[in-house]
>>> print(open('coords-v3.csv').read())   # CSV, C-alpha atoms
chain,number,residue,atom,x,y,z
A,19,MET,CA,-25.9,11.2,-4.9
A,20,SER,CA,-25.0,12.5,-1.5
A,21,ASN,CA,-22.2,10.9,0.5
A,22,ASN,CA,-24.5,9.5,3.2
A,23,LYS,CA,-26.1,7.3,0.6
A,24,LYS,CA,-22.8,5.9,-0.6
A,25,ARG,CA,-22.0,2.6,1.0
A,26,ILE,CA,-18.3,1.7,1.3
A,27,LEU,CA,-17.0,-1.7,2.4
A,28,ILE,CA,-13.4,-1.5,3.7
A,29,CYS,CA,-11.5,-4.8,3.9
A,30,GLY,CA,-8.6,-4.4,6.3
A,31,ALA,CA,-10.2,-1.6,8.3
A,32,ASN,CA,-7.9,-2.0,11.3
A,33,GLY,CA,-4.7,-1.4,9.4
A,34,TYR,CA,-2.5,1.6,9.0
A,35,ILE,CA,-4.5,3.1,6.1
A,36,GLY,CA,-7.7,1.3,7.1
A,37,VAL,CA,-8.2,3.0,10.4
A,38,ALA,CA,-7.6,6.5,8.9
A,39,LEU,CA,-9.8,5.8,5.9
A,40,TYR,CA,-12.7,4.4,8.0
A,41,SER,CA,-12.8,7.4,10.3
A,42,TYR,CA,-12.3,9.9,7.5
A,43,LEU,CA,-15.2,8.5,5.3
A,44,LYS,CA,-17.6,8.4,8.2
A,45,GLU,CA,-16.8,12.0,9.0
A,46,ARG,CA,-17.5,12.8,5.4
A,47,GLY,CA,-21.0,11.3,5.5
A,48,PHE,CA,-20.4,7.9,3.9
A,49,THR,CA,-22.0,4.8,5.2
A,50,VAL,CA,-19.0,2.6,6.1
A,51,LEU,CA,-18.6,-1.1,7.0
A,52,GLY,CA,-15.3,-2.5,8.0
A,53,ILE,CA,-13.9,-6.0,7.9
A,54,ASP,CA,-10.6,-7.2,9.4
A,55,ASN,CA,-9.0,-10.4,10.5
A,56,GLU,CA,-6.5,-8.7,12.9
A,57,MET,CA,-3.5,-10.2,11.0
A,58,ARG,CA,-1.4,-7.0,11.1
A,59,GLU,CA,-1.6,-6.8,14.9
A,60,ARG,CA,-0.7,-10.5,15.2
A,61,ASN,CA,2.2,-10.2,12.8
A,62,VAL,CA,3.7,-7.1,14.5
A,63,ILE,CA,3.5,-8.8,18.0
A,64,ASN,CA,5.0,-12.0,16.6
A,65,ILE,CA,8.1,-10.2,15.4
A,66,GLY,CA,8.5,-8.6,18.9
A,67,SER,CA,7.3,-5.1,18.1
A,68,ASN,CA,4.3,-2.9,18.8
A,69,SER,CA,2.5,0.1,17.4
A,70,LEU,CA,4.0,3.2,18.9
A,71,THR,CA,0.7,5.0,19.1
A,72,ARG,CA,-2.7,3.8,20.3
A,73,ASN,CA,-4.5,2.0,17.5
A,74,SER,CA,-8.2,2.0,17.3
A,75,LYS,CA,-10.0,-1.1,15.8
A,76,PRO,CA,-13.1,0.2,13.9
A,77,SER,CA,-13.9,-3.0,12.0
A,78,ASP,CA,-17.5,-4.2,12.3
A,79,PHE,CA,-16.8,-7.8,11.4
A,80,LYS,CA,-13.8,-10.0,12.2
A,81,LEU,CA,-13.4,-12.1,9.1
A,82,ASP,CA,-10.6,-13.4,7.0
A,83,ILE,CA,-11.6,-12.7,3.4
A,84,SER,CA,-8.8,-15.0,2.1
A,85,GLU,CA,-10.3,-18.0,3.9
A,86,ASP,CA,-14.1,-17.4,4.3
A,87,TYR,CA,-15.5,-16.7,0.8
A,88,ARG,CA,-19.1,-17.6,1.7
A,89,GLY,CA,-19.0,-15.4,4.8
A,90,PHE,CA,-17.6,-12.5,2.9
A,91,LYS,CA,-20.1,-12.9,0.1
A,92,GLU,CA,-23.0,-12.9,2.6
A,93,ILE,CA,-21.7,-9.5,3.9
A,94,VAL,CA,-21.6,-8.1,0.4
A,95,GLU,CA,-25.1,-9.4,-0.3
A,96,SER,CA,-26.4,-7.9,2.9
A,97,PHE,CA,-24.6,-4.5,2.9
A,98,ARG,CA,-24.7,-3.9,-0.9
A,99,PRO,CA,-21.8,-1.6,-1.1
A,100,GLU,CA,-21.2,0.7,-4.1
A,101,THR,CA,-17.5,0.5,-3.5
A,102,ILE,CA,-15.2,-2.1,-1.9
A,103,VAL,CA,-11.8,-0.9,-0.9
A,104,ASN,CA,-9.3,-3.8,-0.5
A,105,LEU,CA,-6.7,-3.0,2.1
A,106,ALA,CA,-6.8,-6.5,3.6
A,107,GLN,CA,-3.2,-7.3,2.7
A,108,GLN,CA,0.0,-8.3,4.3
A,109,PRO,CA,1.9,-5.1,3.5
A,110,SER,CA,5.5,-5.9,4.2
A,111,ALA,CA,8.2,-7.0,1.7
A,112,PRO,CA,10.9,-7.9,4.3
A,113,PHE,CA,8.3,-9.8,6.3
A,114,SER,CA,7.5,-11.9,3.2
A,115,MET,CA,11.3,-12.7,2.9
A,116,ILE,CA,11.8,-14.2,6.4
A,117,ASP,CA,11.2,-17.8,5.5
A,118,ALA,CA,8.8,-20.2,3.6
A,119,ASP,CA,6.0,-19.7,6.1
A,120,HIS,CA,6.0,-15.9,5.9
A,121,ALA,CA,6.3,-16.0,2.1
A,122,ILE,CA,3.3,-18.4,1.8
A,123,LEU,CA,1.3,-16.4,4.3
A,124,SER,CA,1.9,-13.2,2.3
A,125,GLN,CA,0.9,-14.7,-1.0
A,126,LYS,CA,-2.0,-16.7,0.2
A,127,ASN,CA,-3.5,-13.8,2.1
A,128,ASN,CA,-3.0,-11.2,-0.6
A,129,ILE,CA,-3.8,-13.2,-3.7
A,130,CYS,CA,-6.7,-15.3,-2.3
A,131,GLY,CA,-8.3,-12.3,-0.6
A,132,GLY,CA,-8.3,-10.3,-3.8
A,133,MET,CA,-9.6,-13.2,-5.8
A,134,ASN,CA,-12.5,-13.7,-3.3
A,135,ILE,CA,-13.5,-10.0,-3.8
A,136,LEU,CA,-13.5,-10.4,-7.5
A,137,TRP,CA,-15.8,-13.5,-7.4
A,138,ALA,CA,-18.1,-12.0,-4.8
A,139,VAL,CA,-18.6,-8.8,-6.9
A,140,LYS,CA,-19.2,-10.9,-10.0
A,141,GLU,CA,-21.8,-13.1,-8.3
A,142,VAL,CA,-23.6,-10.3,-6.2
A,143,ASP,CA,-23.3,-7.2,-8.3
A,144,PRO,CA,-20.8,-6.6,-11.1
A,145,ASN,CA,-21.5,-2.8,-10.8
A,146,ILE,CA,-19.7,-2.6,-7.5
A,147,HIS,CA,-16.5,-0.6,-7.9
A,148,ILE,CA,-13.4,-2.3,-6.6
A,149,ILE,CA,-10.5,-0.2,-5.3
A,150,GLN,CA,-7.5,-2.4,-4.9
A,151,LEU,CA,-4.4,-1.3,-3.0
A,152,GLY,CA,-1.5,-2.1,-5.3
A,153,THR,CA,2.0,-0.8,-5.1
A,154,ALA,CA,4.5,1.2,-7.0
A,155,GLY,CA,6.9,-1.7,-6.3
A,156,GLU,CA,5.2,-3.6,-9.2
A,157,TYR,CA,7.5,-1.5,-11.4
A,158,PRO,CA,11.0,-2.5,-10.1
A,159,ASP,CA,14.1,-0.3,-10.4
A,160,TRP,CA,16.0,-2.5,-12.8
A,161,LEU,CA,13.0,-2.8,-15.3
A,162,TYR,CA,12.2,1.0,-15.3
A,163,ASN,CA,15.6,2.5,-14.5
A,164,GLY,CA,15.7,5.8,-16.2
A,165,ILE,CA,12.3,5.2,-17.9
A,166,GLU,CA,9.1,6.9,-16.9
A,167,VAL,CA,6.5,4.5,-15.6
A,168,PRO,CA,3.3,5.1,-17.6
A,169,GLU,CA,0.0,5.7,-15.9
A,170,SER,CA,-1.8,3.4,-18.3
A,171,SER,CA,-3.2,0.0,-17.5
A,172,ARG,CA,-2.5,-1.6,-20.9
A,173,ILE,CA,-0.3,-1.2,-23.9
A,174,GLU,CA,-0.5,-2.4,-27.5
A,175,VAL,CA,2.3,-4.7,-28.7
A,176,GLU,CA,2.9,-6.6,-31.9
A,177,TYR,CA,3.8,-10.3,-31.6
A,178,ASN,CA,3.7,-13.0,-34.2
A,179,LYS,CA,2.3,-10.6,-36.7
A,180,LYS,CA,-0.7,-9.8,-34.4
A,181,LYS,CA,-1.5,-6.8,-32.2
A,182,TRP,CA,-2.0,-7.6,-28.6
A,183,ILE,CA,-3.4,-5.4,-25.8
A,184,ILE,CA,-1.6,-6.5,-22.6
A,185,PRO,CA,-1.1,-5.0,-19.1
A,186,THR,CA,1.8,-2.6,-18.8
A,187,PRO,CA,4.9,-4.7,-18.2
A,188,ARG,CA,5.6,-5.3,-14.6
A,189,TYR,CA,7.8,-7.4,-12.4
A,190,ALA,CA,8.6,-7.6,-8.7
A,191,GLY,CA,11.3,-7.6,-6.1
A,192,SER,CA,10.0,-9.7,-3.2
A,193,TRP,CA,7.4,-12.4,-2.5
A,194,TYR,CA,5.2,-9.6,-1.2
A,195,HIS,CA,5.5,-7.6,-4.4
A,196,PHE,CA,4.8,-10.7,-6.5
A,197,SER,CA,1.5,-11.2,-4.5
A,198,LYS,CA,0.5,-7.7,-5.5
A,199,LEU,CA,1.6,-8.3,-9.1
A,200,TYR,CA,-0.5,-11.4,-9.4
A,201,SER,CA,-3.5,-9.6,-7.9
A,202,SER,CA,-3.1,-6.9,-10.5
A,203,TYR,CA,-3.2,-9.4,-13.3
A,204,ASN,CA,-6.2,-11.2,-11.8
A,205,SER,CA,-8.1,-7.9,-11.6
A,206,ASP,CA,-7.2,-7.0,-15.2
A,207,TYR,CA,-8.4,-10.4,-16.4
A,208,ALA,CA,-11.7,-10.2,-14.3
A,209,SER,CA,-12.5,-6.8,-15.7
A,210,ARG,CA,-12.0,-8.1,-19.3
A,211,ILE,CA,-14.2,-11.2,-19.0
A,212,TRP,CA,-16.8,-10.1,-16.4
A,213,GLY,CA,-17.1,-6.4,-17.1
A,214,LEU,CA,-16.0,-5.4,-13.6
A,215,LYS,CA,-15.0,-1.9,-12.5
A,216,VAL,CA,-11.5,-2.0,-11.0
A,217,THR,CA,-9.2,0.7,-9.9
A,218,ASP,CA,-5.7,-0.6,-9.0
A,219,ILE,CA,-3.7,1.9,-6.9
A,220,ASN,CA,0.0,1.8,-7.5
A,221,GLN,CA,0.8,3.6,-4.2
A,222,GLY,CA,4.1,5.0,-3.1
A,223,ILE,CA,5.5,4.5,0.4
A,224,VAL,CA,3.0,5.9,2.9
A,225,TYR,CA,4.2,7.9,5.9
A,226,GLY,CA,2.8,10.1,8.7
A,227,HIS,CA,0.2,9.7,11.3
A,228,ILE,CA,-3.5,10.6,11.7
A,229,GLY,CA,-5.8,10.3,14.7
A,230,GLU,CA,-5.8,6.8,16.2
A,231,THR,CA,-4.1,4.9,13.4
A,232,ARG,CA,-1.1,2.7,14.2
A,233,LEU,CA,2.5,3.8,13.8
A,234,ASP,CA,5.0,1.0,13.3
A,235,TYR,CA,8.8,1.6,13.3
A,236,ASP,CA,10.4,-1.9,13.1
A,237,GLU,CA,12.3,-3.2,10.1
A,238,TYR,CA,9.3,-5.1,8.7
A,239,PHE,CA,6.3,-2.8,9.1
A,240,GLY,CA,7.9,0.6,9.7
A,241,THR,CA,8.0,2.6,6.4
A,242,VAL,CA,11.3,4.4,5.9
A,243,ILE,CA,10.2,8.0,6.9
A,244,ASN,CA,8.4,6.8,10.0
A,245,ARG,CA,11.3,4.6,10.9
A,246,PHE,CA,13.9,7.4,10.4
A,247,VAL,CA,12.0,9.8,12.6
A,248,VAL,CA,11.8,7.3,15.4
A,249,GLN,CA,15.5,6.6,15.1
A,250,ALA,CA,16.3,10.3,15.3
A,251,VAL,CA,14.1,10.8,18.3
A,252,VAL,CA,15.8,8.1,20.3
A,253,GLY,CA,19.3,8.9,19.1
A,254,VAL,CA,19.8,5.8,16.9
A,255,PRO,CA,21.8,6.6,13.7
A,256,LEU,CA,19.6,6.5,10.6
A,257,THR,CA,20.1,3.1,8.9
A,258,ILE,CA,20.5,3.7,5.2
A,259,TYR,CA,20.6,0.4,3.3
A,260,GLY,CA,23.6,0.5,1.0
A,261,THR,CA,24.3,3.7,-0.8
A,262,GLY,CA,21.0,5.4,-0.2
A,263,GLU,CA,20.8,6.3,-3.8
A,264,GLN,CA,17.7,4.2,-4.4
A,265,THR,CA,14.9,6.4,-5.7
A,266,ARG,CA,11.4,5.8,-4.2
A,267,SER,CA,7.9,7.3,-4.4
A,268,PHE,CA,6.1,8.6,-1.3
A,269,ILE,CA,2.6,9.8,-0.2
A,270,HIS,CA,1.5,11.1,3.2
A,271,LEU,CA,-1.3,9.1,4.9
A,272,LYS,CA,-3.6,12.2,4.7
A,273,ASN,CA,-3.2,12.3,0.9
A,274,SER,CA,-3.6,8.6,0.6
A,275,ILE,CA,-7.1,8.6,2.2
A,276,GLU,CA,-8.1,11.8,0.3
A,277,ALA,CA,-7.1,10.1,-2.9
A,278,ILE,CA,-9.2,7.1,-2.2
A,279,GLU,CA,-12.2,9.3,-1.6
A,280,LEU,CA,-11.6,11.0,-4.9
A,281,LEU,CA,-11.5,7.5,-6.6
A,282,ILE,CA,-14.7,6.5,-4.8
A,283,ASN,CA,-16.5,9.6,-6.2
A,284,ASN,CA,-14.9,9.1,-9.7
A,285,PRO,CA,-15.2,5.3,-10.2
A,286,ALA,CA,-13.8,3.2,-13.1
A,287,ASN,CA,-16.1,2.5,-16.0
A,288,ILE,CA,-17.8,-0.9,-16.6
A,289,GLY,CA,-15.2,-3.3,-17.9
A,290,GLU,CA,-12.4,-0.9,-17.1
A,291,TYR,CA,-9.2,-2.0,-15.2
A,292,ARG,CA,-7.8,1.4,-14.3
A,293,VAL,CA,-4.3,2.1,-12.9
A,294,ILE,CA,-3.7,5.1,-10.7
A,295,GLN,CA,-0.2,6.1,-9.6
A,296,GLN,CA,-1.0,7.2,-6.1
A,297,LEU,CA,2.1,9.2,-5.1
A,298,THR,CA,3.1,12.8,-4.5
A,299,ASP,CA,6.9,12.8,-4.0
A,300,ILE,CA,9.8,11.0,-5.6
A,301,LYS,CA,13.1,11.1,-3.6
A,302,ARG,CA,16.2,9.2,-2.9
A,303,VAL,CA,16.5,7.5,0.4
A,304,SER,CA,19.5,9.6,1.2
A,305,GLU,CA,17.4,12.8,0.5
A,306,ILE,CA,14.9,11.6,3.1
A,307,ALA,CA,17.7,11.0,5.6
A,308,ASN,CA,19.1,14.5,5.0
A,309,ILE,CA,15.7,16.1,5.6
A,310,VAL,CA,15.4,14.3,8.9
A,311,LYS,CA,19.0,15.3,9.8
A,312,SER,CA,18.3,18.9,9.0
A,313,ILE,CA,15.6,18.9,11.7
A,314,THR,CA,17.6,17.2,14.5
A,315,ASN,CA,21.2,17.0,13.3
A,316,CYS,CA,21.1,13.2,13.9
A,317,GLU,CA,23.8,10.7,12.7
A,318,ILE,CA,23.5,8.7,9.5
A,319,ASP,CA,24.9,5.2,9.1
A,320,ASN,CA,25.2,3.5,5.7
A,321,ILE,CA,24.9,-0.2,6.5
A,322,GLU,CA,25.2,-3.3,4.3
A,323,ASN,CA,22.1,-3.6,2.2
A,324,PRO,CA,20.0,-6.6,3.4
A,325,ARG,CA,17.8,-6.3,0.3
A,326,SER,CA,18.2,-7.4,-3.3
A,327,GLU,CA,17.9,-4.2,-5.2
A,328,MET,CA,19.8,-1.7,-7.3
A,329,GLU,CA,22.2,0.5,-5.3
A,330,LYS,CA,21.3,3.5,-7.5
A,331,ASN,CA,18.4,4.1,-9.9
A,332,GLU,CA,16.5,6.8,-11.6
A,333,PHE,CA,12.7,6.5,-11.1
A,334,LYS,CA,10.0,8.5,-12.8
A,335,PHE,CA,6.3,8.1,-12.7
A,336,GLU,CA,3.6,9.5,-14.8
A,337,ALA,CA,1.1,10.5,-12.1
A,338,ASN,CA,-1.5,13.0,-13.3
A,339,LYS,CA,-4.9,11.4,-12.9
A,340,LEU,CA,-5.3,12.2,-9.2
A,341,LYS,CA,-4.2,15.8,-9.7
A,342,THR,CA,-6.8,16.3,-12.5
A,343,ILE,CA,-9.6,15.2,-10.0
A,344,GLY,CA,-8.5,17.4,-7.2
A,345,LEU,CA,-5.7,15.9,-5.0
A,346,LYS,CA,-3.6,18.6,-3.4
A,347,PRO,CA,-0.2,17.2,-2.2
A,348,VAL,CA,0.9,18.1,1.3
A,349,ASP,CA,4.4,19.4,1.9
A,350,MET,CA,6.7,16.6,2.8
A,351,GLU,CA,9.2,18.5,5.0
A,352,SER,CA,6.4,20.1,7.0
A,353,GLU,CA,4.8,16.7,7.6
A,354,ILE,CA,8.1,15.2,8.7
A,355,LYS,CA,8.4,18.0,11.3
A,356,ASN,CA,4.9,17.3,12.5
A,357,LEU,CA,5.7,13.6,12.7
A,358,PHE,CA,8.6,14.5,15.0
A,359,ASN,CA,6.2,16.2,17.4
A,360,ILE,CA,3.9,13.2,17.5
A,361,ILE,CA,6.6,10.5,17.9
A,362,SER,CA,8.4,12.6,20.6
A,363,LYS,CA,5.3,12.2,22.8
A,364,TYR,CA,5.8,8.4,22.8
A,365,LYS,CA,9.6,8.3,23.1
A,366,GLU,CA,9.6,6.2,26.2
A,367,ASN,CA,7.6,3.4,24.4
A,368,ILE,CA,10.2,2.9,21.6
A,369,ASN,CA,11.8,-0.5,21.5
A,370,LYS,CA,15.2,0.0,19.9
A,371,SER,CA,15.9,-3.7,19.5
A,372,VAL,CA,13.3,-4.0,16.6
A,373,ILE,CA,14.9,-1.3,14.4
A,374,TRP,CA,18.0,-3.0,13.1
A,375,PRO,CA,17.4,-5.2,10.0
A,376,LYS,CA,17.8,-8.9,10.6
A,377,THR,CA,16.4,-10.5,7.5
A,378,LYS,CA,18.6,-11.0,4.5
A,379,TRP,CA,16.9,-11.3,1.1
A,380,LYS,CA,19.5,-13.4,-0.7
>>> encode(input="coords-v3.csv", output="structure tokens")
Amino acid sequence: MSNNKKRILICGANGYIGVALYSYLKERGFTVLGIDNEMRERNVINIGSNSLTRNSKPSDFKLDISEDYRGFKEIVESFRPETIVNLAQQPSAPFSMIDADHAILSQKNNICGGMNILWAVKEVDPNIHIIQLGTAGEYPDWLYNGIEVPESSRIEVEYNKKKWIIPTPRYAGSWYHFSKLYSSYNSDYASRIWGLKVTDINQGIVYGHIGETRLDYDEYFGTVINRFVVQAVVGVPLTIYGTGEQTRSFIHLKNSIEAIELLINNPANIGEYRVIQQLTDIKRVSEIANIVKSITNCEIDNIENPRSEMEKNEFKFEANKLKTIGLKPVDMESEIKNLFNIISKYKENINKSVIWPKTKWK
């Protein structure tokens, strides 16, 4: 089947990944429909920040999929997508830790939105492939410290003299991460009982910039590489939380959207809940800071860690499935240099006051 006959519904089409994915798939000949409730834009404005770059809004419908199930179901019935990509999520762990309102908003949006997609697919067409944006943060440092995280969705365990097939053990480290954890378990359960086709992307930290996507740099929505480069450009010391010996996984935005296209063209099977570790690099935060410093000779400041996390950990991920279907990882250092060139053009628009972390997790 040619790409121009493949119909893709993107929920969260105005977000950081959504804008890039929407444009990329259209250019590749897919028929694309976008939905967004503009939550990301509102949340960034409400914390006093802004997208550094101009951000296009390609969504075709303004709709909150966590609130309007019937409206969403009608769109699915009318458009009849072959794939639904769920990016319609509050994506920030520190944002979810601000207070009760932000924690509830994060969980309600992420869990209910995912649940409504599962029910709409069940009721309209169980053959629709759901690609759900999960997170590598469902495997916290203390649970998998020194242990390779398997790229399997389920494991066999023996309990009470019986063998049980259960999802690979996970946990979480913020209210945001718990929302993704619960959504993963909901998707696993729906695939078991309804025969749905679900791919759950355990994605690393996304960085970089493409076209007219947004670029956030504040403590809540600015991912660490993007934030470090912004700090270096305006002469603010890089804020390493604690020791900087925390190991994290990463993927460039270009690779992120290329990987999603590969998963669209290689869907999960009927009744399969499939886990994909969507990452290309694993590095310590201090290593990232040193890469940035090697480019600009900026200062580095180890500050008190506002988060509740291990100060040092060893993280390993089994991540082979994307490589076997053709993903070619970009070079991180080259992409960080390119990011410097992009951000430098917007230097005068950077608001230094939103960089320093204010929210304590404990």
>>> closest_residue(input="coords-v3.csv", among="A:Thr241, A:Asn359, A:Asn308, A:Gln249", to="A:Gly262", atoms="only C-alpha atoms")
A:Asn308
>>> atom_distance(input="coords-v3.csv", atom1="atom CA of A:Thr101", atom2="atom CA of A:Ser171")
20.0 Å
>>> residues_around(input="coords-v3.csv", residues="stretch 65-69 of chain A", least_positions_apart="6", cutoff="6 Å", atoms="only C-alpha atoms", output="PyMOL selection string")
chain A and resi 232-234
>>> atom_distance(input="coords-v3.csv", atom1="atom CA of A:Ile183", atom2="atom CA of A:Asn127")
29.1 Å
>>> atom_distance(input="coords-v3.csv", atom1="atom CA of A:Asn145", atom2="atom CA of A:Lys346")
28.9 Å
>>> closest_residue(input="coords-v3.csv", among="A:Ser74, A:Gln108, A:Ser205, A:Ser192", to="A:Gly132", atoms="all atoms listed in the file")
A:Ser205
>>> closest_atom_pairs(input="coords-v3.csv", of="stretch 228-285 of chain A", to="stretch 35-55 of chain A", cutoff="8 Å", atoms="only C-alpha atoms", output="CSV")
residue,atom,partner,partner_atom,distance
A:Ile228,CA,A:Ala38,CA,6.4
A:Gly229,CA,A:Ala38,CA,7.2
A:Glu230,CA,A:Val37,CA,7.3
A:Thr231,CA,A:Val37,CA,5.4
A:Leu271,CA,A:Ile35,CA,6.9
A:Ser274,CA,A:Ile35,CA,7.8
A:Ile275,CA,A:Leu39,CA,5.4
A:Glu279,CA,A:Leu43,CA,7.6
>>> closest_residue(input="coords-v3.csv", among="A:Ile135, A:Glu156, A:Leu151, A:Asn273", to="A:Ala208", atoms="all atoms listed in the file")
A:Ile135
>>> closest_residue(input="coords-v3.csv", among="A:Thr186, A:Asn287, A:Gln150, A:Ser170", to="A:Ile219", atoms="only C-alpha atoms")
A:Gln150
>>> residues_around(input="coords-v3.csv", residues="A:Phe246", least_positions_apart="6", cutoff="8 Å", atoms="all atoms listed in the file", output="VMD selection string")
chain A and resid 256 to 257 307 310
>>> residues_around(input="coords-v3.csv", residues="A:Gly222", least_positions_apart="6", cutoff="6 Å", atoms="all atoms listed in the file", output="PyMOL selection string")
chain A and resi 154+267-269+297
>>> closest_residue(input="coords-v3.csv", among="A:Ala190, A:Leu70, A:Ile146, A:Ile243", to="A:Trp160", atoms="all atoms listed in the file")
A:Ala190
>>> closest_residue(input="coords-v3.csv", among="A:Trp137, A:Tyr259, A:Tyr200, A:Tyr189", to="A:Tyr87", atoms="all atoms listed in the file")
A:Trp137
>>> residues_around(input="coords-v3.csv", residues="A:His147", least_positions_apart="4", cutoff="8 Å", atoms="only C-alpha atoms", output="PyMOL selection string")
chain A and resi 100-102+214-217+282+285-286
>>> residues_near_point(input="coords-v3.csv", point="(-3.7, -0.2, -24.9)", cutoff="12 Å", atoms="only C-alpha atoms", output="ChimeraX atom specification")
/A:168-176,181-187,290-292
>>> build_atoms(input="coords-v3.csv", residues="stretch 128-140 of chain A", atoms="N, CA, C and O atoms", output="mmCIF file, in the coordinates of the input")
data_model
loop_
_atom_site.group_PDB
_atom_site.id
_atom_site.type_symbol
_atom_site.label_atom_id
_atom_site.label_comp_id
_atom_site.auth_asym_id
_atom_site.auth_seq_id
_atom_site.Cartn_x
_atom_site.Cartn_y
_atom_site.Cartn_z
ATOM 1 N N ASN A 128 -2.841 -12.268 0.332
ATOM 2 C CA ASN A 128 -3.000 -11.200 -0.600
ATOM 3 C C ASN A 128 -3.719 -11.617 -1.907
ATOM 4 O O ASN A 128 -4.635 -10.959 -2.395
ATOM 5 N N ILE A 129 -3.281 -12.758 -2.457
ATOM 6 C CA ILE A 129 -3.800 -13.200 -3.700
ATOM 7 C C ILE A 129 -5.253 -13.774 -3.543
ATOM 8 O O ILE A 129 -6.182 -13.414 -4.276
ATOM 9 N N CYS A 130 -5.426 -14.638 -2.549
ATOM 10 C CA CYS A 130 -6.700 -15.300 -2.300
ATOM 11 C C CYS A 130 -7.780 -14.254 -1.871
ATOM 12 O O CYS A 130 -8.946 -14.307 -2.268
ATOM 13 N N GLY A 131 -7.356 -13.302 -1.018
ATOM 14 C CA GLY A 131 -8.300 -12.300 -0.600
ATOM 15 C C GLY A 131 -8.785 -11.450 -1.771
ATOM 16 O O GLY A 131 -9.988 -11.187 -1.908
ATOM 17 N N GLY A 132 -7.873 -11.043 -2.643
ATOM 18 C CA GLY A 132 -8.300 -10.300 -3.800
ATOM 19 C C GLY A 132 -9.146 -11.089 -4.757
ATOM 20 O O GLY A 132 -10.118 -10.573 -5.326
ATOM 21 N N MET A 133 -8.834 -12.376 -4.923
ATOM 22 C CA MET A 133 -9.600 -13.200 -5.800
ATOM 23 C C MET A 133 -11.066 -13.385 -5.249
ATOM 24 O O MET A 133 -12.047 -13.356 -6.010
ATOM 25 N N ASN A 134 -11.207 -13.529 -3.936
ATOM 26 C CA ASN A 134 -12.500 -13.700 -3.300
ATOM 27 C C ASN A 134 -13.372 -12.417 -3.527
ATOM 28 O O ASN A 134 -14.596 -12.488 -3.693
ATOM 29 N N ILE A 135 -12.741 -11.249 -3.495
ATOM 30 C CA ILE A 135 -13.500 -10.000 -3.800
ATOM 31 C C ILE A 135 -13.974 -9.995 -5.195
ATOM 32 O O ILE A 135 -15.134 -9.661 -5.470
ATOM 33 N N LEU A 136 -13.111 -10.369 -6.137
ATOM 34 C CA LEU A 136 -13.500 -10.400 -7.500
ATOM 35 C C LEU A 136 -14.713 -11.308 -7.765
ATOM 36 O O LEU A 136 -15.687 -10.943 -8.443
ATOM 37 N N TRP A 137 -14.658 -12.507 -7.196
ATOM 38 C CA TRP A 137 -15.800 -13.500 -7.400
ATOM 39 C C TRP A 137 -17.041 -13.010 -6.696
ATOM 40 O O TRP A 137 -18.142 -13.163 -7.242
ATOM 41 N N ALA A 138 -16.921 -12.430 -5.503
ATOM 42 C CA ALA A 138 -18.100 -12.000 -4.800
ATOM 43 C C ALA A 138 -18.805 -10.849 -5.571
ATOM 44 O O ALA A 138 -20.038 -10.819 -5.680
ATOM 45 N N VAL A 139 -18.017 -9.935 -6.117
ATOM 46 C CA VAL A 139 -18.600 -8.800 -6.900
ATOM 47 C C VAL A 139 -19.256 -9.388 -8.161
ATOM 48 O O VAL A 139 -20.365 -8.987 -8.524
ATOM 49 N N LYS A 140 -18.594 -10.329 -8.821
ATOM 50 C CA LYS A 140 -19.200 -10.900 -10.000
ATOM 51 C C LYS A 140 -20.536 -11.571 -9.699
ATOM 52 O O LYS A 140 -21.506 -11.413 -10.452
#
